[in-house]
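Asks: Enclosed is the structure file upload-v1.txt (compact mmCIF, C-alpha atoms).
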# COMPACT_ATOMS: atom_id res chain seq x y z
CA MET A 1 -17.70 -12.00 7.69
CA TYR A 2 -14.24 -10.52 7.27
CA SER A 3 -11.05 -12.45 8.07
CA LEU A 4 -9.81 -9.34 9.91
CA GLU A 5 -11.54 -6.23 11.21
CA VAL A 6 -9.74 -3.47 13.09
CA HIS A 7 -11.84 -0.92 14.97
CA GLU A 8 -10.30 2.38 16.14
CA LEU A 9 -7.03 0.67 17.07
CA THR A 10 -4.73 3.00 19.02
CA LYS A 11 -1.34 2.50 20.65
CA ARG A 12 0.25 5.12 22.89
CA VAL A 13 3.65 5.00 24.57
CA GLY A 14 3.70 7.73 27.19
CA LYS A 15 2.40 10.85 25.45
CA THR A 16 3.40 9.60 22.00
CA THR A 17 0.75 8.05 19.75
CA ILE A 18 2.33 5.25 17.70
CA ILE A 19 -0.88 3.92 16.10
CA ASP A 20 -3.71 6.43 15.65
CA THR A 21 -7.33 5.16 15.49
CA VAL A 22 -6.72 2.67 12.68
CA ARG A 23 -9.77 1.18 10.94
CA LEU A 24 -9.40 -1.42 8.21
CA SER A 25 -10.70 -4.79 7.08
CA LEU A 26 -9.33 -7.79 5.23
CA GLN A 27 -11.51 -10.09 3.15
CA PRO A 28 -11.02 -13.86 3.00
CA GLY A 29 -8.37 -14.65 0.39
CA GLU A 30 -7.26 -11.02 0.04
CA LEU A 31 -3.64 -9.81 0.00
CA LEU A 32 -3.54 -6.24 1.31
CA SER A 33 -0.28 -4.26 1.39
CA LEU A 34 0.45 -1.91 4.28
CA LEU A 35 2.64 0.78 2.72
CA GLY A 36 4.48 3.58 4.46
CA PRO A 37 7.93 5.10 5.08
CA PRO A 38 10.24 3.79 7.83
CA GLU A 39 8.95 4.49 11.36
CA SER A 40 5.41 5.05 10.05
CA GLY A 41 3.88 2.44 12.37
CA LYS A 42 3.75 -0.60 10.06
CA THR A 43 5.60 -3.05 12.31
CA MET A 44 3.81 -1.82 15.43
CA LEU A 45 0.45 -2.42 13.77
CA LEU A 46 1.51 -5.98 12.89
CA ARG A 47 2.67 -6.58 16.46
CA LEU A 48 -0.70 -5.39 17.74
CA LEU A 49 -2.49 -7.79 15.40
CA THR A 50 -0.34 -10.73 16.50
CA GLY A 51 -0.77 -9.94 20.20
CA LEU A 52 2.90 -9.10 20.82
CA GLU A 53 1.78 -5.60 21.86
CA GLU A 54 -1.33 -4.50 23.73
CA PRO A 55 -3.42 -1.66 22.26
CA SER A 56 -4.32 1.41 24.30
CA ARG A 57 -7.78 1.41 22.70
CA GLY A 58 -9.76 -0.35 19.98
CA GLN A 59 -10.70 -3.87 18.91
CA ILE A 60 -9.22 -6.62 16.75
CA MET A 61 -11.65 -9.14 15.25
CA LEU A 62 -10.56 -12.40 13.57
CA ASN A 63 -13.35 -14.24 11.74
CA GLY A 64 -15.86 -12.31 13.80
CA GLU A 65 -14.23 -13.15 17.17
CA ASN A 66 -12.87 -10.40 19.40
CA VAL A 67 -9.22 -11.37 20.06
CA THR A 68 -8.02 -8.03 21.45
CA ASP A 69 -7.24 -9.51 24.88
CA ILE A 70 -6.19 -12.98 23.71
CA PRO A 71 -2.41 -13.65 24.06
CA ALA A 72 -0.25 -14.15 20.98
CA THR A 73 0.23 -17.90 21.55
CA LYS A 74 -3.53 -18.46 21.35
CA ARG A 75 -4.25 -16.04 18.51
CA SER A 76 -4.86 -17.42 14.99
CA VAL A 77 -2.25 -15.27 13.27
CA GLY A 78 0.75 -16.41 11.24
CA MET A 79 3.60 -13.89 11.38
CA ILE A 80 6.73 -13.96 9.21
CA PHE A 81 9.47 -11.53 10.24
CA GLN A 82 11.81 -9.58 7.98
CA ASN A 83 15.18 -10.66 9.32
CA GLY A 84 15.78 -14.29 8.39
CA TYR A 85 12.01 -14.87 8.43
CA GLY A 86 12.36 -15.69 12.14
CA LEU A 87 13.96 -19.06 11.37
CA ILE A 88 16.51 -20.79 13.62
CA PRO A 89 19.53 -21.59 11.40
CA HIS A 90 20.89 -24.67 13.21
CA ILE A 91 17.69 -26.78 13.21
CA THR A 92 16.10 -28.72 10.36
CA ALA A 93 13.21 -27.49 8.25
CA ALA A 94 10.93 -30.16 9.78
CA GLU A 95 11.82 -29.06 13.32
CA CYS A 96 11.23 -25.45 12.37
CA ILE A 97 7.78 -26.15 10.91
CA ALA A 98 6.82 -28.16 14.00
CA LEU A 99 7.72 -25.42 16.52
CA PRO A 100 4.27 -23.73 16.70
CA LEU A 101 2.65 -27.18 16.97
CA GLN A 102 4.71 -27.97 20.07
CA HIS A 103 3.31 -24.86 21.73
CA ALA A 104 -0.16 -26.17 20.87
CA LEU A 105 0.64 -29.43 22.75
CA MET A 106 -0.11 -31.57 19.69
CA SER A 107 0.80 -35.26 19.70
CA LYS A 108 3.93 -36.50 17.89
CA ASP A 109 1.89 -38.31 15.24
CA GLY A 110 -0.33 -35.26 14.76
CA MET A 111 2.70 -33.00 14.35
CA ASP A 112 4.39 -35.33 11.87
CA TYR A 113 1.22 -35.54 9.78
CA ARG A 114 0.68 -31.80 9.71
CA VAL A 115 4.35 -31.10 8.89
CA ALA A 116 4.10 -33.56 5.98
CA VAL A 117 0.90 -31.91 4.70
CA VAL A 118 2.23 -28.35 4.72
CA ALA A 119 5.62 -29.43 3.33
CA LYS A 120 3.87 -31.05 0.37
CA THR A 121 1.72 -27.97 -0.07
CA PHE A 122 4.79 -25.76 -0.48
CA ASN A 123 6.85 -28.35 -2.43
CA ILE A 124 9.53 -28.62 0.26
CA SER A 125 9.13 -32.27 1.32
CA HIS A 126 12.67 -32.94 0.04
CA LEU A 127 14.04 -30.20 2.32
CA LEU A 128 12.63 -31.41 5.65
CA GLU A 129 15.88 -32.98 6.90
CA ARG A 130 18.12 -30.12 5.80
CA LYS A 131 19.19 -27.38 8.20
CA ILE A 132 17.84 -23.88 7.67
CA SER A 133 21.36 -22.48 7.19
CA SER A 134 21.83 -24.61 4.07
CA LEU A 135 18.68 -23.40 2.30
CA SER A 136 18.36 -20.72 -0.38
CA VAL A 137 16.35 -17.53 0.14
CA SER A 138 13.38 -18.97 -1.77
CA GLU A 139 13.51 -22.23 0.16
CA ARG A 140 13.67 -20.40 3.49
CA LEU A 141 10.61 -18.35 2.57
CA ARG A 142 8.69 -21.53 1.76
CA VAL A 143 9.72 -23.04 5.11
CA ALA A 144 8.61 -19.87 6.90
CA LEU A 145 5.24 -20.02 5.10
CA ALA A 146 4.87 -23.70 5.93
CA ARG A 147 5.64 -23.01 9.60
CA ALA A 148 3.03 -20.26 9.68
CA LEU A 149 0.44 -22.42 7.88
CA ALA A 150 1.02 -25.33 10.26
CA LYS A 151 -0.60 -23.22 12.97
CA ASP A 152 -3.67 -22.93 10.68
CA PRO A 153 -4.00 -19.14 11.07
CA VAL A 154 -6.92 -16.95 10.08
CA ILE A 155 -4.51 -14.44 8.52
CA TYR A 156 -0.84 -14.12 7.60
CA LEU A 157 1.24 -11.04 8.41
CA PHE A 158 4.44 -10.42 6.44
CA ASP A 159 6.90 -7.77 7.65
CA ASP A 160 8.78 -6.47 4.58
CA LEU A 161 10.19 -9.85 3.58
CA LEU A 162 11.89 -8.48 0.44
CA ALA A 163 13.66 -5.48 1.96
CA GLN A 164 17.20 -6.93 1.99
CA LEU A 165 17.11 -8.72 -1.38
CA ASP A 166 18.85 -7.77 -4.62
CA THR A 167 16.64 -6.85 -7.59
CA PRO A 168 16.55 -10.22 -9.44
CA THR A 169 15.82 -12.15 -6.23
CA ARG A 170 13.28 -9.54 -5.20
CA LEU A 171 11.33 -9.90 -8.46
CA ALA A 172 11.41 -13.70 -8.20
CA MET A 173 10.23 -13.63 -4.59
CA ARG A 174 7.35 -11.29 -5.48
CA ARG A 175 6.07 -13.92 -7.90
CA GLU A 176 6.64 -16.62 -5.27
CA ILE A 177 4.51 -14.82 -2.68
CA VAL A 178 1.70 -14.09 -5.16
CA GLU A 179 1.61 -17.67 -6.46
CA ILE A 180 1.59 -19.22 -2.99
CA GLN A 181 -1.07 -16.83 -1.70
CA LYS A 182 -3.33 -17.52 -4.69
CA LYS A 183 -2.79 -21.27 -4.41
CA MET A 184 -3.67 -21.37 -0.73
CA GLY A 185 -6.26 -18.59 -0.75
CA PHE A 186 -5.31 -17.28 2.68
CA ALA A 187 -5.88 -13.69 3.85
CA CYS A 188 -2.61 -11.79 4.08
CA MET A 189 -1.27 -8.37 5.05
CA TYR A 190 2.15 -7.44 3.68
CA ALA A 191 3.96 -4.47 5.28
CA THR A 192 6.54 -2.67 3.15
CA SER A 193 8.25 0.68 2.54
CA ASN A 194 8.57 -0.04 -1.17
CA PRO A 195 5.62 1.11 -3.36
CA ASP A 196 6.74 -1.15 -6.23
CA ASP A 197 6.50 -4.22 -3.99
CA ALA A 198 3.12 -3.14 -2.64
CA PHE A 199 1.57 -2.57 -6.07
CA ALA A 200 3.16 -5.70 -7.57
CA ILE A 201 1.71 -8.20 -5.11
CA SER A 202 -1.66 -6.72 -4.09
CA ASN A 203 -4.71 -5.00 -5.52
CA ARG A 204 -5.54 -2.91 -2.45
CA VAL A 205 -2.95 -0.87 -0.58
CA ALA A 206 -3.33 0.82 2.81
CA VAL A 207 -1.02 3.85 3.04
CA ILE A 208 0.11 4.68 6.58
CA ASN A 209 2.07 7.63 7.97
CA LYS A 210 2.76 8.56 11.61
CA GLY A 211 0.56 5.68 12.72
CA LYS A 212 -2.51 6.87 10.82
CA ILE A 213 -4.06 5.26 7.74
CA GLN A 214 -4.07 7.97 5.09
CA GLN A 215 -5.91 6.09 2.36
CA ILE A 216 -6.86 2.58 1.25
CA GLY A 217 -7.34 1.83 -2.43
CA THR A 218 -5.97 0.52 -5.70
CA ARG A 219 -2.84 1.91 -7.34
CA SER A 220 -4.96 4.01 -9.69
CA GLU A 221 -7.01 5.46 -6.83
CA LEU A 222 -3.94 6.30 -4.75
CA VAL A 223 -2.02 7.96 -7.57
CA GLN A 224 -4.90 9.63 -9.43
CA THR A 225 -6.95 10.82 -6.44
CA PRO A 226 -4.74 10.89 -3.32
CA ALA A 227 -6.88 11.44 -0.23
CA THR A 228 -4.34 13.70 1.49
CA LEU A 229 -1.58 16.09 0.49
CA TRP A 230 0.97 13.77 2.11
CA VAL A 231 -0.08 10.84 -0.09
CA ALA A 232 0.12 13.09 -3.15
CA GLN A 233 3.66 14.22 -2.30
CA TRP A 234 5.01 10.84 -1.15
CA LEU A 235 3.46 8.32 -3.51
CA GLY A 236 4.12 7.93 -7.21
CA PHE A 237 7.19 8.32 -9.39
CA PRO A 238 7.55 11.13 -9.91
CA PRO A 239 5.13 12.30 -7.20
CA MET A 240 2.37 14.84 -7.79
CA ASN A 241 3.42 18.49 -8.12
CA THR A 242 1.91 20.63 -5.35
CA LEU A 243 1.61 24.41 -4.96
CA ALA A 244 0.19 26.61 -2.21
CA GLY A 245 -1.97 29.49 -3.40
CA TYR A 246 -4.83 31.90 -2.67
CA LEU A 247 -8.34 31.88 -4.15
CA GLN A 248 -10.14 34.88 -5.62
CA GLY A 249 -13.71 34.81 -6.95
CA THR A 250 -14.38 36.22 -10.42
CA TYR A 251 -17.47 36.53 -12.59
CA GLN A 252 -17.52 34.42 -15.76
CA PRO A 253 -20.28 33.80 -18.34
CA GLU A 254 -20.97 30.40 -16.74
CA GLY A 255 -21.14 31.87 -13.23
CA ILE A 256 -18.78 32.70 -10.37
CA CYS A 257 -15.43 30.91 -10.70
CA TYR A 258 -12.28 30.98 -8.59
CA ARG A 259 -8.81 31.91 -9.75
CA ILE A 260 -5.73 30.54 -8.02
CA TRP A 261 -2.97 33.00 -7.25
CA ALA A 262 0.41 31.40 -6.59
CA LYS A 263 2.92 34.03 -7.66
CA GLY A 264 3.34 33.49 -11.41
CA PHE A 265 0.80 30.67 -11.47
CA THR A 266 -2.75 32.02 -11.99
CA PRO A 267 -5.10 29.43 -13.55
CA LEU A 268 -8.88 29.92 -13.55
CA LEU A 269 -10.74 26.97 -12.04
CA PRO A 270 -13.81 25.68 -13.90
CA VAL A 271 -17.24 26.34 -12.39
CA LYS A 272 -17.44 22.74 -11.10
CA TRP A 273 -15.08 23.74 -8.28
CA THR A 274 -17.16 26.71 -7.07
CA ARG A 275 -19.65 24.77 -4.94
CA ILE A 276 -16.93 22.56 -3.43
CA ILE A 277 -14.79 25.57 -2.47
CA ASP A 278 -17.80 27.42 -1.06
CA ILE A 279 -18.79 24.41 1.08
CA HIS A 280 -15.30 24.24 2.60
CA GLN A 281 -15.03 28.06 2.80
CA CYS A 282 -11.46 28.00 1.54
CA LYS A 283 -9.51 31.21 1.09
CA GLU A 284 -6.27 29.34 0.49
CA ILE A 285 -5.66 26.09 -1.33
CA PHE A 286 -3.06 23.45 -2.15
CA VAL A 287 -3.09 22.49 -5.83
CA GLY A 288 -1.96 19.06 -7.04
CA ILE A 289 -0.90 18.54 -10.66
CA ARG A 290 0.08 15.09 -11.91
CA PRO A 291 3.35 15.05 -13.93
CA GLU A 292 1.72 13.07 -16.76
CA ASN A 293 -0.95 15.80 -17.11
CA ILE A 294 1.57 18.45 -18.14
CA ILE A 295 1.14 18.88 -21.90
CA PRO A 296 4.18 20.15 -23.91
CA GLU A 297 3.71 22.48 -26.85
CA TRP A 298 4.44 19.79 -29.45
CA GLU A 299 1.24 18.01 -28.31
CA PHE A 300 -1.02 21.09 -28.29
CA GLN A 301 -2.60 20.41 -31.68
CA GLU A 302 -3.51 16.85 -30.76
CA LYS A 303 -4.69 17.42 -27.17
CA TRP A 304 -5.86 21.04 -27.10
CA ARG A 305 -8.87 21.98 -24.93
CA PRO A 306 -10.37 25.44 -24.40
CA SER A 307 -9.82 25.07 -20.65
CA PHE A 308 -6.02 24.77 -20.98
CA TYR A 309 -3.85 27.18 -18.97
CA VAL A 310 -0.61 27.90 -20.89
CA LEU A 311 2.70 29.10 -19.44
CA LYS A 312 6.41 28.97 -20.22
CA ALA A 313 8.78 26.44 -18.64
CA GLU A 314 12.55 25.88 -18.69
CA VAL A 315 14.13 22.43 -18.49
CA GLN A 316 16.44 22.14 -15.47
CA ALA A 317 17.12 18.38 -15.69
CA SER A 318 15.86 15.34 -17.55
CA GLU A 319 16.35 11.60 -17.54
CA TRP A 320 15.16 8.51 -19.40
CA ASN A 321 12.93 6.12 -17.46
CA GLN A 322 11.03 3.10 -18.77
CA GLY A 323 10.44 4.51 -22.24
CA LYS A 324 9.52 8.02 -21.08
CA THR A 325 11.42 11.22 -20.31
CA LEU A 326 11.19 12.66 -16.80
CA ALA A 327 11.85 16.40 -16.87
CA GLN A 328 12.31 18.88 -14.03
CA LEU A 329 10.89 22.23 -15.12
CA ARG A 330 11.22 25.75 -13.76
CA ILE A 331 8.27 28.09 -14.14
CA SER A 332 8.74 31.86 -13.82
CA ASN A 333 8.03 33.26 -10.32
CA VAL A 334 7.28 29.78 -8.95
CA GLU A 335 9.83 28.52 -6.43
CA GLU A 336 8.84 24.86 -6.50
CA PRO A 337 10.20 22.80 -9.42
CA PHE A 338 7.64 21.01 -11.59
CA MET A 339 8.14 17.39 -12.61
CA ALA A 340 6.73 16.33 -15.97
CA VAL A 341 6.54 13.03 -17.89
CA PHE A 342 6.87 13.30 -21.68
CA ASP A 343 6.41 10.65 -24.39
CA ILE A 344 9.49 11.75 -26.27
CA ALA A 345 13.11 10.65 -26.58
CA HIS A 346 15.36 11.80 -23.77
CA GLU A 347 17.85 13.53 -26.08
CA ASN A 348 15.07 15.77 -27.48
CA VAL A 349 14.55 17.47 -24.10
CA GLN A 350 17.67 19.50 -23.42
CA VAL A 351 18.68 21.30 -20.22
CA GLY A 352 18.05 25.04 -20.67
CA GLN A 353 15.39 24.49 -23.34
CA ILE A 354 12.37 26.80 -22.98
CA PHE A 355 8.95 25.90 -24.34
CA SER A 356 5.24 26.29 -23.57
CA ILE A 357 3.32 23.80 -21.47
CA ALA A 358 -0.41 23.52 -20.87
CA LEU A 359 -2.33 22.45 -17.77
CA ASP A 360 -6.01 21.57 -17.61
CA PRO A 361 -7.64 22.82 -14.36
CA ASP A 362 -10.27 20.10 -14.84
CA ASP A 363 -7.53 17.62 -13.88
CA PHE A 364 -6.28 19.45 -10.76
CA CYS A 365 -6.49 17.94 -7.30
CA LEU A 366 -7.37 20.50 -4.63
CA PHE A 367 -6.45 20.02 -0.97
CA HIS A 368 -7.84 21.83 2.07
CA PRO A 369 -5.25 24.28 3.50
CA GLN A 370 -5.73 23.18 7.13
CA THR A 371 -6.73 19.49 7.00
CA GLN A 372 -4.68 18.88 3.82
CA GLN A 373 -7.39 16.47 2.65
CA LEU A 374 -8.65 16.13 -0.90
CA LEU A 375 -11.74 18.26 -1.45
CA GLN A 376 -13.51 16.05 -4.02
CA THR A 377 -13.65 12.91 -1.88
CA PRO A 378 -14.16 11.88 1.77
CA SER A 379 -11.17 12.60 3.99
CA ALA A 380 -9.72 9.10 3.55
CA ALA A 381 -10.92 5.67 2.59
CA SER A 382 -12.43 4.01 5.61
CA GLY A 383 -11.03 0.60 4.79
CA TRP A 384 -14.38 -1.16 4.89
CA ASN A 385 -15.51 -3.26 1.98
CA THR A 386 -19.16 -3.48 0.96
CA LYS A 387 -18.82 -7.11 -0.07
CA LYS A 388 -18.75 -9.63 2.74
CA ASN A 389 -17.82 -13.22 1.94
CA ALA A 390 -17.86 -15.62 4.86
CA PRO A 391 -14.95 -18.11 4.71
CA ALA A 392 -16.14 -21.69 5.07
CA LYS A 393 -12.87 -22.98 6.54
CA ARG A 394 -9.27 -22.00 7.01
CA PRO A 395 -6.79 -22.88 4.21
CA LEU A 396 -5.02 -25.71 6.06
CA GLN A 397 -8.29 -27.26 7.20
CA ASN A 398 -9.36 -27.50 3.55
CA PHE A 399 -6.16 -29.42 2.75
CA LEU A 400 -6.57 -31.71 5.74
CA ASP A 401 -10.18 -32.43 4.81
CA ARG A 402 -9.25 -33.41 1.28
CA ARG A 403 -6.81 -35.95 2.67
CA ARG A 404 -9.08 -37.38 5.37
CA PRO A 405 -10.56 -40.83 4.53
CA GLY A 406 -14.26 -40.73 3.68
CA THR A 407 -14.26 -37.21 2.19
CA SER A 408 -14.71 -36.32 -1.44
CA GLY A 409 -11.11 -35.14 -1.81
CA SER A 410 -9.47 -38.23 -0.31
Go ahead and render the structure in this file as structure tokens.

Replies:
Amino acid sequence: MYSLEVHELTKRVGKTTIIDTVRLSLQPGELLSLLGPPESGKTMLLRLLTGLEEPSRGQIMLNGENVTDIPATKRSVGMIFQNGYGLIPHITAAECIALPLQHALMSKDGMDYRVAVVAKTFNISHLLERKISSLSVSERLRVALARALAKDPVIYLFDDLLAQLDTPTRLAMRREIVEIQKKMGFACMYATSNPDDAFAISNRVAVINKGKIQQIGTRSELVQTPATLWVAQWLGFPPMNTLAGYLQGTYQPEGICYRIWAKGFTPLLPVKWTRIIDIHQCKEIFVGIRPENIIPEWEFQEKWRPSFYVLKAEVQASEWNQGKTLAQLRISNVEEPFMAVFDIAHENVQVGQIFSIALDPDDFCLFHPQTQQLLQTPSAASGWNTKKNAPAKRPLQNFLDRRRPGTSGS
């Protein structure tokens, strides 16, 4: 059983589709990042999951229960908002943590006990009598997590908690979120516009644009084999180079192969592409070339392959980044600039320098001209895992059980 399953979830406002047939799942104990640019539908999807918005179509399942029509106050979801984490500045941390318990009509003794348990869990027992306005960013995050956990949710939803932080605080808070999530083992979805945050805190990332999930996968899967042209152009630093071209069949000793014609760019595709292109009946194509796969002439001897396509390039700009040189190249008769990543000192790649580069068509990504989907793989990851682990209990219930007299953990 999954902690969360979303089936064909759709949200329309008038004639505008905000969330478009989203399908995804979240395993128990998993931290999944929801990554996309501003206005891509991230916050709306979280609001649908919490019950703050009603879907136009689709289902939301929590621990196997259909909660699509259940109101937010009765839904087992812990939500932490971006701005101030949704905390009230003039009340104490204890009062803040107890707020969702008051809505649940819990007794005073029951509330005090649960507040004490979650405060100890997040190491904030010494902060309970302090007002929220007096706490640091890290302390406020822990209070927000404790407040969400007090409700004993099936899943946590975080809405870009790190967006307004400076770099040192941001890095520290990334570690804080990862450590707390691992310690508690709760299922969590973290929405963000920052790819670095998404990849730093989670193994799987769901990429969303215009309300539609483009792809779900690991960092390597998203960068190396982007499911759509949009993912290829938006994700990665620098992002994948893309060119639009035409295909022309040609006879080769190994059989019929296709050549790409994109003005001055005319590589011959290996025979492995022939069947794929014939199946899709493509006359045009979008070609994706990863910057790190551009081989400069000083590496030809070491990396040479017979399949290499060689052409001349001129350096238009370059910069030093994390031990590598990022270079913007101009190729004759090709309007689009090419970005390349070289393992060489920045000062050795000068603006105006002209040298040969090699590309291996075996490493190309090809995208359908109409659907703009990757040809080698299904249109996009469905979001369903093959492994199903049924959670025995919710995180807070485990802590309460270990403290209850007569149990093995007491």

Asks: Using all atoms listed in the file, which residues sit within 10 Å of Arg140 in chain A once same-chain residues fewer than 6 positions away are excluded, as a ChimeraX atom specification?

Replies: /A:84-87,89,93,124,127,132-134,146

Asks: Give me, as a PDB file with C-alpha atoms, keeping the file's coordinate frame, all polymer residues having an atom no more than 6 Å from range 283-295 of chain A, counting all atoms listed in the file and skipping those fewer than 2 positions away in the same chain.

Replies:
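The resulting file, result-v1.pdb, is shown below:
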ATOM      1  CA  MET A 240       2.370  14.840  -7.790  1.00  0.00           C
ATOM      2  CA  ASN A 241       3.420  18.490  -8.120  1.00  0.00           C
ATOM      3  CA  THR A 242       1.910  20.630  -5.350  1.00  0.00           C
ATOM      4  CA  LEU A 243       1.610  24.410  -4.960  1.00  0.00           C
ATOM      5  CA  ALA A 244       0.190  26.610  -2.210  1.00  0.00           C
ATOM      6  CA  GLY A 245      -1.970  29.490  -3.400  1.00  0.00           C
ATOM      7  CA  TYR A 246      -4.830  31.900  -2.670  1.00  0.00           C
ATOM      8  CA  LEU A 247      -8.340  31.880  -4.150  1.00  0.00           C
ATOM      9  CA  MET A 339       8.140  17.390 -12.610  1.00  0.00           C
ATOM     10  CA  ALA A 340       6.730  16.330 -15.970  1.00  0.00           C
ATOM     11  CA  VAL A 341       6.540  13.030 -17.890  1.00  0.00           C
ATOM     12  CA  ILE A 357       3.320  23.800 -21.470  1.00  0.00           C
ATOM     13  CA  ALA A 358      -0.410  23.520 -20.870  1.00  0.00           C
ATOM     14  CA  LEU A 359      -2.330  22.450 -17.770  1.00  0.00           C
ATOM     15  CA  PHE A 364      -6.280  19.450 -10.760  1.00  0.00           C
ATOM     16  CA  CYS A 365      -6.490  17.940  -7.300  1.00  0.00           C
ATOM     17  CA  LEU A 366      -7.370  20.500  -4.630  1.00  0.00           C
ATOM     18  CA  PHE A 367      -6.450  20.020  -0.970  1.00  0.00           C
ATOM     19  CA  HIS A 368      -7.840  21.830   2.070  1.00  0.00           C
ATOM     20  CA  PRO A 369      -5.250  24.280   3.500  1.00  0.00           C
TER      21      PRO A 369
END

Asks: Need the shell around range 185-201 of chain A: protein/DNA/RNA residues with any atom at most 9 Å away, counting only C-alpha atoms. Skip same-chain ones fewer than 4 positions apart. Format as a compact mmCIF listing (two decimals) with C-alpha atoms, keeping the file's coordinate frame?

Replies:
# COMPACT_ATOMS: atom_id res chain seq x y z
CA SER A 3 -11.05 -12.45 8.07
CA LEU A 4 -9.81 -9.34 9.91
CA LEU A 26 -9.33 -7.79 5.23
CA GLN A 27 -11.51 -10.09 3.15
CA PRO A 28 -11.02 -13.86 3.00
CA GLY A 29 -8.37 -14.65 0.39
CA GLU A 30 -7.26 -11.02 0.04
CA LEU A 31 -3.64 -9.81 0.00
CA LEU A 32 -3.54 -6.24 1.31
CA SER A 33 -0.28 -4.26 1.39
CA LEU A 34 0.45 -1.91 4.28
CA LEU A 35 2.64 0.78 2.72
CA GLY A 36 4.48 3.58 4.46
CA PRO A 37 7.93 5.10 5.08
CA PRO A 38 10.24 3.79 7.83
CA LYS A 42 3.75 -0.60 10.06
CA THR A 43 5.60 -3.05 12.31
CA LEU A 46 1.51 -5.98 12.89
CA PRO A 153 -4.00 -19.14 11.07
CA VAL A 154 -6.92 -16.95 10.08
CA ILE A 155 -4.51 -14.44 8.52
CA TYR A 156 -0.84 -14.12 7.60
CA LEU A 157 1.24 -11.04 8.41
CA PHE A 158 4.44 -10.42 6.44
CA ASP A 159 6.90 -7.77 7.65
CA ASP A 160 8.78 -6.47 4.58
CA LEU A 161 10.19 -9.85 3.58
CA LEU A 162 11.89 -8.48 0.44
CA ALA A 163 13.66 -5.48 1.96
CA ARG A 170 13.28 -9.54 -5.20
CA LEU A 171 11.33 -9.90 -8.46
CA ARG A 174 7.35 -11.29 -5.48
CA ARG A 175 6.07 -13.92 -7.90
CA ILE A 177 4.51 -14.82 -2.68
CA VAL A 178 1.70 -14.09 -5.16
CA ILE A 180 1.59 -19.22 -2.99
CA GLN A 181 -1.07 -16.83 -1.70
CA VAL A 205 -2.95 -0.87 -0.58
CA THR A 218 -5.97 0.52 -5.70
CA ARG A 219 -2.84 1.91 -7.34
CA LEU A 235 3.46 8.32 -3.51
CA GLY A 236 4.12 7.93 -7.21
CA ARG A 394 -9.27 -22.00 7.01
CA PRO A 395 -6.79 -22.88 4.21

Asks: Skipping near chain neighbours, those fewer than 2 positions away, what residues fall within 8 Å of Leu329 in chain A using all atoms listed in the file, listed as a PDB file with C-alpha atoms, keeping the file's coordinate frame?

Replies:
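For reference, out-v9.pdb as written:
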ATOM      1  CA  ALA A 313       8.780  26.440 -18.640  1.00  0.00           C
ATOM      2  CA  GLU A 314      12.550  25.880 -18.690  1.00  0.00           C
ATOM      3  CA  VAL A 315      14.130  22.430 -18.490  1.00  0.00           C
ATOM      4  CA  GLN A 316      16.440  22.140 -15.470  1.00  0.00           C
ATOM      5  CA  ALA A 317      17.120  18.380 -15.690  1.00  0.00           C
ATOM      6  CA  ALA A 327      11.850  16.400 -16.870  1.00  0.00           C
ATOM      7  CA  ILE A 331       8.270  28.090 -14.140  1.00  0.00           C
ATOM      8  CA  PRO A 337      10.200  22.800  -9.420  1.00  0.00           C
ATOM      9  CA  PHE A 338       7.640  21.010 -11.590  1.00  0.00           C
ATOM     10  CA  MET A 339       8.140  17.390 -12.610  1.00  0.00           C
ATOM     11  CA  ALA A 340       6.730  16.330 -15.970  1.00  0.00           C
TER      12      ALA A 340
END

Asks: Using only C-alpha atoms, which residue out of A:Ser307, A:Thr228, A:Ser332, A:Ser318 lies closest to Gln376 in chain A?

Replies: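 Of all the options, A:Thr228 lies closest to Gln376 in chain A.
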
Asks: Separation of CA of Asp152 in chain A and CA of Lys131 in chain A, in Å?

Replies: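 Computed distance, CA of Asp152 in chain A to CA of Lys131 in chain A, equals 23.4 Å.
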
Asks: Which of these residues is nearest to Asp20 in chain A, using all atoms listed in the file: A:Thr50, A:Gln328, A:Asn209, A:Thr167?

Replies: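 Among the listed residues, A:Asn209 lies closest to Asp20 in chain A.
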
Asks: If we count only C-alpha atoms and set the cut-off at 6 Å, which residues sit around Gln59 in chain A, ignoring sequence neighbours fewer than 6 positions away in its own chain? Please answer as a short mmCIF file (atom, residue, chain, number, x, y, z; two decimals) with C-alpha atoms, in the coordinates of the input.

Replies:
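Output saved as part18.cif:
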data_model
loop_
_atom_site.label_atom_id
_atom_site.label_comp_id
_atom_site.auth_asym_id
_atom_site.auth_seq_id
_atom_site.Cartn_x
_atom_site.Cartn_y
_atom_site.Cartn_z
CA VAL A 6 -9.74 -3.47 13.09
CA HIS A 7 -11.84 -0.92 14.97
CA THR A 68 -8.02 -8.03 21.45
#

Asks: Hey, could you pull the box centre and edge lengths for range 338-353 of chain A, axis-aligned, 4 Å padding per side, all listed atoms, to one decimal in Å, as JSON?

Replies:
{"center_x": 12.5, "center_y": 17.8, "center_z": -19.5, "size_x": 20.3, "size_y": 22.4, "size_z": 23.9}

Asks: Measure the distance from CA of Ile277 in chain A to CA of Leu375 in chain A in Å and round it to one decimal.

Replies: 8.0 Å

Asks: Any idea what the distance is between CA of Ser125 in chain A and CA of Ala172 in chain A?

Replies: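 Answer for the CA of Ser125 in chain A to CA of Ala172 in chain A separation: 21.0 Å.
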
Asks: Name the closest residue to Asn63 in chain A among the candidates A:Ser107, A:Ser40, A:Thr169, A:Ser25; distances are taken between atoms, counting all atoms listed in the file.

Replies: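 Using all atoms listed in the file, Asn63 in chain A sits closest to A:Ser25.
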